>>> print(open('entry_25.pdb').read())   # PDB, C-alpha atoms
ATOM      1  CA  MET A   1      28.097  11.329 -87.957
ATOM      2  CA  THR A   2      24.837   9.385 -88.183
ATOM      3  CA  ARG A   3      21.461  11.109 -88.098
ATOM      4  CA  MET A   4      20.766   9.866 -84.558
ATOM      5  CA  GLU A   5      24.040  11.413 -83.395
ATOM      6  CA  GLU A   6      23.207  14.839 -84.793
ATOM      7  CA  TRP A   7      21.992  17.444 -82.365
ATOM      8  CA  ALA A   8      21.509  21.189 -82.137
ATOM      9  CA  VAL A   9      21.211  23.974 -79.605
ATOM     10  CA  LEU A  10      18.403  26.548 -79.673
ATOM     11  CA  PHE A  11      18.924  29.767 -77.719
ATOM     12  CA  ASP A  12      16.349  32.151 -76.332
ATOM     13  CA  LEU A  13      17.237  35.799 -76.947
ATOM     14  CA  ASP A  14      15.878  38.249 -74.361
ATOM     15  CA  GLY A  15      17.655  37.830 -71.055
ATOM     16  CA  THR A  16      19.593  34.797 -72.257
ATOM     17  CA  LEU A  17      21.918  36.165 -74.946
ATOM     18  CA  VAL A  18      21.162  39.892 -74.648
ATOM     19  CA  ASP A  19      20.035  41.970 -71.669
ATOM     20  CA  THR A  20      17.089  43.633 -73.359
ATOM     21  CA  ALA A  21      14.886  44.015 -70.268
ATOM     22  CA  PRO A  22      15.916  47.601 -69.395
ATOM     23  CA  ILE A  23      15.263  48.777 -72.950
ATOM     24  CA  TRP A  24      11.781  47.263 -73.124
ATOM     25  CA  ARG A  25      10.919  48.490 -69.624
ATOM     26  CA  SER A  26      12.028  52.010 -70.527
ATOM     27  CA  ALA A  27       9.807  51.962 -73.622
ATOM     28  CA  PHE A  28       6.802  50.759 -71.600
ATOM     29  CA  VAL A  29       7.355  53.443 -68.951
ATOM     30  CA  ALA A  30       7.656  56.169 -71.604
ATOM     31  CA  LEU A  31       4.374  55.054 -73.176
ATOM     32  CA  ILE A  32       2.563  55.199 -69.838
ATOM     33  CA  ASN A  33       4.195  58.466 -68.741
ATOM     34  CA  ALA A  34       2.879  60.218 -71.837
ATOM     35  CA  ARG A  35      -0.657  59.729 -70.459
ATOM     36  CA  GLN A  36      -0.414  59.388 -66.689
ATOM     37  CA  PRO A  37       1.985  58.757 -63.795
ATOM     38  CA  VAL A  38       3.272  55.185 -63.832
ATOM     39  CA  PRO A  39       1.473  53.116 -61.148
ATOM     40  CA  ALA A  40       3.408  50.574 -59.112
ATOM     41  CA  GLY A  41       3.475  47.206 -60.857
ATOM     42  CA  ALA A  42       2.300  48.555 -64.196
ATOM     43  CA  THR A  43       5.175  46.911 -66.079
ATOM     44  CA  ASP A  44       5.578  43.805 -63.915
ATOM     45  CA  GLY A  45       5.560  40.417 -65.624
ATOM     46  CA  LEU A  46       5.803  41.759 -69.172
ATOM     47  CA  LEU A  47       9.208  40.376 -70.072
ATOM     48  CA  GLY A  48       9.023  37.339 -72.331
ATOM     49  CA  LEU A  49       5.754  38.484 -73.885
ATOM     50  CA  THR A  50       5.391  39.767 -77.414
ATOM     51  CA  ALA A  51       4.995  43.532 -77.786
ATOM     52  CA  LEU A  52       1.312  43.028 -78.570
ATOM     53  CA  GLU A  53       0.770  40.873 -75.483
ATOM     54  CA  ALA A  54       2.661  43.324 -73.267
ATOM     55  CA  ILE A  55       0.792  46.404 -74.510
ATOM     56  CA  THR A  56      -2.532  44.575 -74.271
ATOM     57  CA  THR A  57      -1.712  43.806 -70.626
ATOM     58  CA  ILE A  58      -0.844  47.457 -69.950
ATOM     59  CA  HIS A  59      -4.097  48.644 -71.518
ATOM     60  CA  ARG A  60      -6.079  46.220 -69.387
ATOM     61  CA  ARG A  61      -4.241  47.060 -66.147
ATOM     62  CA  LEU A  62      -4.604  50.812 -66.592
ATOM     63  CA  GLY A  63      -8.131  50.773 -67.962
ATOM     64  CA  TRP A  64      -7.105  52.190 -71.323
ATOM     65  CA  PHE A  65     -10.168  50.895 -73.080
ATOM     66  CA  GLY A  66     -10.848  52.188 -76.572
ATOM     67  CA  LEU A  67      -7.322  53.469 -77.167
ATOM     68  CA  ASP A  68      -5.410  52.505 -80.321
ATOM     69  CA  LEU A  69      -3.618  49.302 -79.356
ATOM     70  CA  ALA A  70      -1.825  48.912 -82.687
ATOM     71  CA  ALA A  71      -0.468  52.462 -82.524
ATOM     72  CA  ASP A  72       0.923  51.868 -79.025
ATOM     73  CA  VAL A  73       2.580  48.631 -80.129
ATOM     74  CA  ALA A  74       4.167  50.421 -83.079
ATOM     75  CA  GLU A  75       5.396  53.241 -80.809
ATOM     76  CA  VAL A  76       7.024  50.894 -78.325
ATOM     77  CA  GLU A  77       8.594  48.696 -81.016
ATOM     78  CA  ALA A  78       9.974  51.769 -82.812
ATOM     79  CA  ALA A  79      11.543  53.010 -79.572
ATOM     80  CA  VAL A  80      13.121  49.631 -78.828
ATOM     81  CA  ARG A  81      14.327  49.221 -82.389
ATOM     82  CA  GLN A  82      15.995  52.636 -82.317
ATOM     83  CA  ARG A  83      17.784  51.796 -79.057
ATOM     84  CA  TYR A  84      19.054  48.566 -80.622
ATOM     85  CA  ARG A  85      20.280  50.441 -83.675
ATOM     86  CA  ASP A  86      22.031  52.930 -81.394
ATOM     87  CA  GLY A  87      23.916  50.076 -79.749
ATOM     88  CA  ALA A  88      22.249  50.528 -76.358
ATOM     89  CA  THR A  89      22.764  46.850 -75.548
ATOM     90  CA  SER A  90      25.236  44.135 -76.487
ATOM     91  CA  TRP A  91      25.463  40.376 -76.796
ATOM     92  CA  HIS A  92      26.663  38.557 -73.683
ATOM     93  CA  ALA A  93      30.316  37.581 -74.155
ATOM     94  CA  GLU A  94      29.675  34.180 -72.524
ATOM     95  CA  GLY A  95      26.962  33.438 -75.046
ATOM     96  CA  LEU A  96      29.134  34.449 -77.990
ATOM     97  CA  ARG A  97      31.930  32.173 -76.770
ATOM     98  CA  LEU A  98      29.543  29.250 -76.322
ATOM     99  CA  ILE A  99      28.000  29.732 -79.761
ATOM    100  CA  ALA A 100      31.467  29.881 -81.344
ATOM    101  CA  ALA A 101      32.499  26.693 -79.536
ATOM    102  CA  LEU A 102      29.368  24.870 -80.697
ATOM    103  CA  GLN A 103      29.866  25.956 -84.300
ATOM    104  CA  ALA A 104      33.535  24.967 -84.176
ATOM    105  CA  ASP A 105      32.349  21.515 -83.060
ATOM    106  CA  GLY A 106      29.909  21.334 -85.977
ATOM    107  CA  VAL A 107      26.761  21.712 -83.866
ATOM    108  CA  PRO A 108      23.940  23.717 -85.512
ATOM    109  CA  VAL A 109      22.817  26.728 -83.483
ATOM    110  CA  GLY A 110      19.419  28.405 -83.628
ATOM    111  CA  LEU A 111      17.738  31.471 -82.152
ATOM    112  CA  VAL A 112      14.121  31.336 -80.978
ATOM    113  CA  THR A 113      12.526  34.566 -79.773
ATOM    114  CA  SER A 114       9.100  36.070 -79.195
ATOM    115  CA  SER A 115      10.334  39.371 -80.624
ATOM    116  CA  SER A 116       9.159  40.253 -84.117
ATOM    117  CA  GLY A 117      11.452  40.143 -87.128
ATOM    118  CA  TYR A 118      11.155  43.935 -87.285
ATOM    119  CA  ILE A 119      12.752  44.201 -83.849
ATOM    120  CA  LEU A 120      15.246  41.373 -84.281
ATOM    121  CA  ASN A 121      16.681  42.721 -87.537
ATOM    122  CA  ALA A 122      17.832  45.888 -85.766
ATOM    123  CA  LEU A 123      19.592  43.839 -83.101
ATOM    124  CA  MET A 124      21.184  41.442 -85.599
ATOM    125  CA  ALA A 125      22.563  44.393 -87.560
ATOM    126  CA  HIS A 126      24.486  45.449 -84.476
ATOM    127  CA  SER A 127      28.220  44.824 -84.597
ATOM    128  CA  GLY A 128      29.221  41.522 -83.049
ATOM    129  CA  ALA A 129      25.946  39.664 -83.620
ATOM    130  CA  PRO A 130      26.534  35.909 -83.992
ATOM    131  CA  ARG A 131      25.502  33.853 -87.002
ATOM    132  CA  PHE A 132      22.672  31.377 -86.498
ATOM    133  CA  ASP A 133      21.756  28.382 -88.637
ATOM    134  CA  VAL A 134      18.063  29.028 -88.079
ATOM    135  CA  VAL A 135      16.084  31.938 -86.606
ATOM    136  CA  VAL A 136      12.462  31.815 -85.465
ATOM    137  CA  CYS A 137      10.729  35.076 -84.490
ATOM    138  CA  GLY A 138       7.392  35.723 -82.878
ATOM    139  CA  SER A 139       6.099  36.845 -86.254
ATOM    140  CA  ASP A 140       6.913  33.423 -87.753
ATOM    141  CA  VAL A 141       4.288  31.537 -85.743
ATOM    142  CA  LYS A 142       0.629  31.925 -84.858
ATOM    143  CA  ARG A 143       1.260  31.101 -81.198
ATOM    144  CA  THR A 144       4.354  32.301 -79.378
ATOM    145  CA  LYS A 145       5.865  31.097 -76.110
ATOM    146  CA  PRO A 146       4.624  29.414 -73.896
ATOM    147  CA  ALA A 147       3.042  27.503 -76.812
ATOM    148  CA  PRO A 148       5.385  24.905 -78.362
ATOM    149  CA  ASP A 149       5.129  26.342 -81.881
ATOM    150  CA  PRO A 150       8.393  28.367 -81.977
ATOM    151  CA  TYR A 151      10.601  25.477 -80.899
ATOM    152  CA  LEU A 152       8.750  22.973 -83.074
ATOM    153  CA  LEU A 153       9.322  25.220 -86.092
ATOM    154  CA  ALA A 154      13.018  25.654 -85.285
ATOM    155  CA  ALA A 155      13.518  21.889 -84.994
ATOM    156  CA  GLN A 156      11.628  21.363 -88.261
ATOM    157  CA  ARG A 157      13.812  23.887 -90.073
ATOM    158  CA  LEU A 158      16.921  22.111 -88.786
ATOM    159  CA  GLY A 159      15.541  18.738 -89.875
ATOM    160  CA  LEU A 160      15.926  17.292 -86.379
ATOM    161  CA  PRO A 161      13.441  15.861 -83.879
ATOM    162  CA  PRO A 162      12.775  18.194 -80.937
ATOM    163  CA  ALA A 163      14.371  15.678 -78.579
ATOM    164  CA  ARG A 164      17.715  16.304 -80.330
ATOM    165  CA  CYS A 165      17.488  20.084 -79.875
ATOM    166  CA  ALA A 166      18.755  21.361 -76.535
ATOM    167  CA  VAL A 167      17.108  24.628 -75.568
ATOM    168  CA  VAL A 168      18.807  27.341 -73.493
ATOM    169  CA  GLU A 169      16.216  29.488 -71.701
ATOM    170  CA  ASP A 170      16.017  31.846 -68.741
ATOM    171  CA  SER A 171      12.281  32.161 -68.081
ATOM    172  CA  PRO A 172       9.358  29.938 -67.039
ATOM    173  CA  THR A 173       7.518  31.028 -70.202
ATOM    174  CA  GLY A 174      10.337  29.845 -72.459
ATOM    175  CA  LEU A 175      10.789  26.686 -70.415
ATOM    176  CA  ALA A 176       7.108  25.822 -70.817
ATOM    177  CA  SER A 177       7.360  26.345 -74.578
ATOM    178  CA  ALA A 178      10.403  24.115 -74.971
ATOM    179  CA  VAL A 179       9.036  21.365 -72.724
ATOM    180  CA  ALA A 180       5.725  21.373 -74.605
ATOM    181  CA  ALA A 181       7.677  20.974 -77.859
ATOM    182  CA  GLY A 182       9.544  17.969 -76.462
ATOM    183  CA  CYS A 183      12.948  19.666 -76.291
ATOM    184  CA  PRO A 184      15.379  19.073 -73.419
ATOM    185  CA  VAL A 185      16.000  22.348 -71.603
ATOM    186  CA  VAL A 186      18.998  23.971 -69.968
ATOM    187  CA  LEU A 187      17.646  26.643 -67.632
ATOM    188  CA  ILE A 188      19.799  29.621 -66.696
ATOM    189  CA  GLY A 189      19.388  30.812 -63.107
ATOM    190  CA  ASP A 190      18.131  29.315 -59.856
ATOM    191  CA  GLN A 191      14.401  29.224 -60.570
ATOM    192  CA  ARG A 192      13.400  25.843 -59.099
ATOM    193  CA  GLN A 193      11.819  24.864 -62.398
ATOM    194  CA  LEU A 194      11.851  21.402 -63.970
ATOM    195  CA  ALA A 195      14.583  21.290 -66.616
ATOM    196  CA  ALA A 196      17.032  18.709 -67.938
ATOM    197  CA  VAL A 197      19.981  20.808 -66.738
ATOM    198  CA  GLN A 198      20.171  23.947 -64.595
ATOM    199  CA  VAL A 199      23.123  26.330 -64.320
ATOM    200  CA  THR A 200      23.366  29.557 -62.363
ATOM    201  CA  SER A 201      24.741  31.610 -65.270
ATOM    202  CA  LEU A 202      25.427  31.341 -68.981
ATOM    203  CA  GLY A 203      29.152  31.459 -68.273
ATOM    204  CA  ARG A 204      28.895  28.143 -66.418
ATOM    205  CA  LEU A 205      27.248  26.354 -69.327
ATOM    206  CA  THR A 206      29.535  23.951 -71.201
ATOM    207  CA  LEU A 207      29.347  21.757 -74.279
ATOM    208  CA  PRO A 208      29.356  18.573 -72.137
ATOM    209  CA  ALA A 209      26.361  19.909 -70.201
ATOM    210  CA  LEU A 210      24.493  20.568 -73.437
ATOM    211  CA  ARG A 211      25.335  17.108 -74.755
ATOM    212  CA  GLN A 212      24.084  15.663 -71.478
ATOM    213  CA  ALA A 213      20.751  17.384 -72.027
ATOM    214  CA  VAL A 214      20.116  15.526 -75.290
ATOM    215  CA  SER A 215      21.603  12.186 -74.188
TER
END
>>> encode(input="entry_25.pdb", output="C-alpha cells")
Amino acid sequence: MTRMEEWAVLFDLDGTLVDTAPIWRSAFVALINARQPVPAGATDGLLGLTALEAITTIHRRLGWFGLDLAADVAEVEAAVRQRYRDGATSWHAEGLRLIAALQADGVPVGLVTSSSGYILNALMAHSGAPRFDVVVCGSDVKRTKPAPDPYLLAAQRLGLPPARCAVVEDSPTGLASAVAAGCPVVLIGDQRQLAAVQVTSLGRLTLPALRQAVS
C-alpha cells in the first residue's frame, strides 16, 4: 500500500460510540440541585463541551458568580468517572463492529474527544472497550472542539494528512472541528449539516461509505 493510499478513521466519543449524555446531564442536575431547584433549560446545549466549559456556562446562566468553578468541575467529573467505573454505560455494538472491521482491513482507528484523560481512562477501563491506534483527549490540546486542534493532532500522530482521515461525528461542534482541520466528515443523524457523507445511524455506516469520504 502506498502512502497516498493509506487512510484512517477518527471517531468522536460522546454520543457517537457511547451514550454518555444521560450520565453527564445527571451530574449537572445534581450539582445544581445541591444549591437550588433546577431551572428549565439550565443544562441545555452543554453536550459536546468540556467539563470546564459546561460548568462555566452553568455558573453564568444561574448567576453563580464568585463560586469555586474548579471545585464544581472536579465534583462533576468525579461523579461521571464513578458512573463509568460502575459500568453505567456501554459501547455501542454497531461502533464496536465497525471498528473491528476497519482494523481487520488494516485501517488505523483513532478516538478524538473533548473529555479529559481523567474521565476517558475510567471509560476505557470498562470491559469491552475497543483498542485505538491513537487517542486525543481534551486535555491534550489548548483548544478543544470546535477548534481544529484535536483532529489536527490525531492526524499528526497517525502520520497522515487530515484529508486522509475520515471523521465520524454526531454533533455540529464536532463537525465544525473536523471541517476546520481539513478532514472529510461522516455525520451521524439527520442534522442538515454540510458533511462528506451523512447516515441516519452508526449501524448504517459501512467501510465503502468511509472510503468514499476520503476519495
>>> atom_distance(input="entry_25.pdb", atom1="atom CA of Ala27 of chain A", atom2="atom CA of Asp86 of chain A")
14.5 Å
>>> closest_residue(input="entry_25.pdb", among="A:Leu49, A:Arg85, A:Ala8, A:Leu31", to="Trp64 of chain A", atoms="only C-alpha atoms")
A:Leu31
>>> closest_residue(input="entry_25.pdb", among="A:Pro184, A:Gly63, A:Gly110, A:Pro162", to="Gln198 of chain A", atoms="all atoms listed in the file")
A:Pro184
>>> resolve_selection(input="entry_25.pdb", expression="the PyMOL selection byres ((chain A and resi 130) around 9)", output="list in words")
Trp91, Leu96, Ile99, Ala100, Met124, Gly128, Ala129, Arg131 and Phe132 of chain A
>>> closest_residue(input="entry_25.pdb", among="A:Gly95, A:Gly159, A:Pro150, A:Gly174", to="Pro108 of chain A", atoms="only C-alpha atoms")
A:Gly159
>>> residues_around(input="entry_25.pdb", residues="segment 115-121 of chain A", least_positions_apart="4", cutoff="12 Å", atoms="only C-alpha atoms", output="PyMOL selection string")
chain A and resi 12-14+18+20+24+47-54+73-74+76-85+111+125-126+129+135-142+144-145+150
>>> write_last_selection(input="entry_25.pdb", atoms="C-alpha atoms", output="mmCIF file, keeping the file's coordinate frame")
data_model
loop_
_atom_site.group_PDB
_atom_site.id
_atom_site.type_symbol
_atom_site.label_atom_id
_atom_site.label_comp_id
_atom_site.auth_asym_id
_atom_site.auth_seq_id
_atom_site.Cartn_x
_atom_site.Cartn_y
_atom_site.Cartn_z
ATOM 1 C CA ASP A 12 16.349 32.151 -76.332
ATOM 2 C CA LEU A 13 17.237 35.799 -76.947
ATOM 3 C CA ASP A 14 15.878 38.249 -74.361
ATOM 4 C CA VAL A 18 21.162 39.892 -74.648
ATOM 5 C CA THR A 20 17.089 43.633 -73.359
ATOM 6 C CA TRP A 24 11.781 47.263 -73.124
ATOM 7 C CA LEU A 47 9.208 40.376 -70.072
ATOM 8 C CA GLY A 48 9.023 37.339 -72.331
ATOM 9 C CA LEU A 49 5.754 38.484 -73.885
ATOM 10 C CA THR A 50 5.391 39.767 -77.414
ATOM 11 C CA ALA A 51 4.995 43.532 -77.786
ATOM 12 C CA LEU A 52 1.312 43.028 -78.570
ATOM 13 C CA GLU A 53 0.770 40.873 -75.483
ATOM 14 C CA ALA A 54 2.661 43.324 -73.267
ATOM 15 C CA VAL A 73 2.580 48.631 -80.129
ATOM 16 C CA ALA A 74 4.167 50.421 -83.079
ATOM 17 C CA VAL A 76 7.024 50.894 -78.325
ATOM 18 C CA GLU A 77 8.594 48.696 -81.016
ATOM 19 C CA ALA A 78 9.974 51.769 -82.812
ATOM 20 C CA ALA A 79 11.543 53.010 -79.572
ATOM 21 C CA VAL A 80 13.121 49.631 -78.828
ATOM 22 C CA ARG A 81 14.327 49.221 -82.389
ATOM 23 C CA GLN A 82 15.995 52.636 -82.317
ATOM 24 C CA ARG A 83 17.784 51.796 -79.057
ATOM 25 C CA TYR A 84 19.054 48.566 -80.622
ATOM 26 C CA ARG A 85 20.280 50.441 -83.675
ATOM 27 C CA LEU A 111 17.738 31.471 -82.152
ATOM 28 C CA ALA A 125 22.563 44.393 -87.560
ATOM 29 C CA HIS A 126 24.486 45.449 -84.476
ATOM 30 C CA ALA A 129 25.946 39.664 -83.620
ATOM 31 C CA VAL A 135 16.084 31.938 -86.606
ATOM 32 C CA VAL A 136 12.462 31.815 -85.465
ATOM 33 C CA CYS A 137 10.729 35.076 -84.490
ATOM 34 C CA GLY A 138 7.392 35.723 -82.878
ATOM 35 C CA SER A 139 6.099 36.845 -86.254
ATOM 36 C CA ASP A 140 6.913 33.423 -87.753
ATOM 37 C CA VAL A 141 4.288 31.537 -85.743
ATOM 38 C CA LYS A 142 0.629 31.925 -84.858
ATOM 39 C CA THR A 144 4.354 32.301 -79.378
ATOM 40 C CA LYS A 145 5.865 31.097 -76.110
ATOM 41 C CA PRO A 150 8.393 28.367 -81.977
#
>>> axis_aligned_box(input="entry_25.pdb", around="segment 137-147 of chain A", padding_each_side="4 Å", output="lines of an AutoDock Vina configuration file")
center_x = 5.7
center_y = 32.2
center_z = -80.8
size_x = 18.1
size_y = 17.3
size_z = 21.9
>>> atom_distance(input="entry_25.pdb", atom1="atom CA of Phe11 of chain A", atom2="atom CA of Ala166 of chain A")
8.5 Å
>>> resolve_selection(input="entry_25.pdb", expression="the PyMOL selection byres ((chain A and resi 204) around 12)", output="list in words")
Glu94, Gly95, Arg97, Leu98, Val186, Leu187, Ile188, Gly189, Val197, Gln198, Val199, Thr200, Ser201, Leu202, Gly203, Leu205, Thr206, Leu207, Pro208, Ala209 and Leu210 of chain A
>>> resolve_selection(input="entry_25.pdb", expression="the PyMOL selection byres ((chain A and resi 181) around 10)", output="list in words")
Pro146, Ala147, Pro148, Asp149, Pro150, Tyr151, Leu152, Leu153, Ala155, Pro161, Pro162, Ala163, Leu175, Ala176, Ser177, Ala178, Val179, Ala180, Gly182, Cys183 and Pro184 of chain A
>>> closest_residue(input="entry_25.pdb", among="A:Glu5, A:Gly15, A:Leu158, A:Leu10", to="Ser215 of chain A", atoms="all atoms listed in the file")
A:Glu5
>>> atom_distance(input="entry_25.pdb", atom1="atom CA of Asp133 of chain A", atom2="atom CA of Leu102 of chain A")
11.5 Å
>>> closest_residue(input="entry_25.pdb", among="A:Leu69, A:Leu46, A:Val38, A:Ala213", to="Arg25 of chain A", atoms="only C-alpha atoms")
A:Leu46
>>> residues_around(input="entry_25.pdb", residues="Gly41 of chain A", least_positions_apart="5", cutoff="12 Å", atoms="only C-alpha atoms", output="NGL selection string")
:A and (25 or 28-29 or 46 or 57-58 or 61-62)
>>> closest_residue(input="entry_25.pdb", among="A:Ser90, A:Ser114, A:Ser171, A:Gln36", to="Leu17 of chain A", atoms="all atoms listed in the file")
A:Ser90
>>> build_atoms(input="entry_25.pdb", residues="segment 97-117 of chain A", atoms="N, CA and C atoms", output="compact mmCIF listing (two decimals), in the coordinates of the input")
# COMPACT_ATOMS: atom_id res chain seq x y z
N ARG A 97 30.89 33.20 -76.85
CA ARG A 97 31.93 32.17 -76.77
C ARG A 97 31.33 30.78 -76.90
N LEU A 98 30.18 30.56 -76.26
CA LEU A 98 29.54 29.25 -76.32
C LEU A 98 29.05 28.94 -77.73
N ILE A 99 28.46 29.92 -78.39
CA ILE A 99 28.00 29.73 -79.76
C ILE A 99 29.18 29.42 -80.68
N ALA A 100 30.28 30.14 -80.52
CA ALA A 100 31.47 29.88 -81.34
C ALA A 100 32.01 28.48 -81.10
N ALA A 101 32.00 28.03 -79.86
CA ALA A 101 32.50 26.69 -79.54
C ALA A 101 31.61 25.62 -80.15
N LEU A 102 30.30 25.82 -80.09
CA LEU A 102 29.37 24.87 -80.70
C LEU A 102 29.57 24.79 -82.20
N GLN A 103 29.70 25.93 -82.85
CA GLN A 103 29.87 25.96 -84.30
C GLN A 103 31.21 25.36 -84.70
N ALA A 104 32.23 25.57 -83.89
CA ALA A 104 33.53 24.97 -84.18
C ALA A 104 33.46 23.45 -84.07
N ASP A 105 32.53 22.96 -83.24
CA ASP A 105 32.35 21.52 -83.06
C ASP A 105 31.34 20.95 -84.05
N GLY A 106 30.84 21.80 -84.95
CA GLY A 106 29.91 21.33 -85.98
C GLY A 106 28.47 21.19 -85.52
N VAL A 107 28.12 21.81 -84.40
CA VAL A 107 26.76 21.71 -83.87
C VAL A 107 25.92 22.88 -84.38
N PRO A 108 24.80 22.62 -85.06
CA PRO A 108 23.94 23.72 -85.51
C PRO A 108 23.40 24.52 -84.34
N VAL A 109 23.27 25.82 -84.54
CA VAL A 109 22.82 26.73 -83.48
C VAL A 109 21.66 27.56 -84.01
N GLY A 110 20.58 27.63 -83.23
CA GLY A 110 19.42 28.40 -83.63
C GLY A 110 19.04 29.45 -82.60
N LEU A 111 18.25 30.42 -83.02
CA LEU A 111 17.74 31.47 -82.15
C LEU A 111 16.22 31.43 -82.21
N VAL A 112 15.58 31.39 -81.04
CA VAL A 112 14.12 31.34 -80.98
C VAL A 112 13.65 32.43 -80.03
N THR A 113 12.92 33.40 -80.56
CA THR A 113 12.53 34.57 -79.77
C THR A 113 11.08 34.95 -80.03
N SER A 114 10.46 35.56 -79.03
CA SER A 114 9.10 36.07 -79.19
C SER A 114 9.09 37.45 -79.85
N SER A 115 10.25 38.07 -79.95
CA SER A 115 10.33 39.37 -80.62
C SER A 115 10.01 39.22 -82.11
N SER A 116 9.49 40.28 -82.69
CA SER A 116 9.16 40.25 -84.12
C SER A 116 10.43 40.37 -84.95
N GLY A 117 10.32 39.99 -86.22
CA GLY A 117 11.45 40.14 -87.13
C GLY A 117 11.86 41.59 -87.28
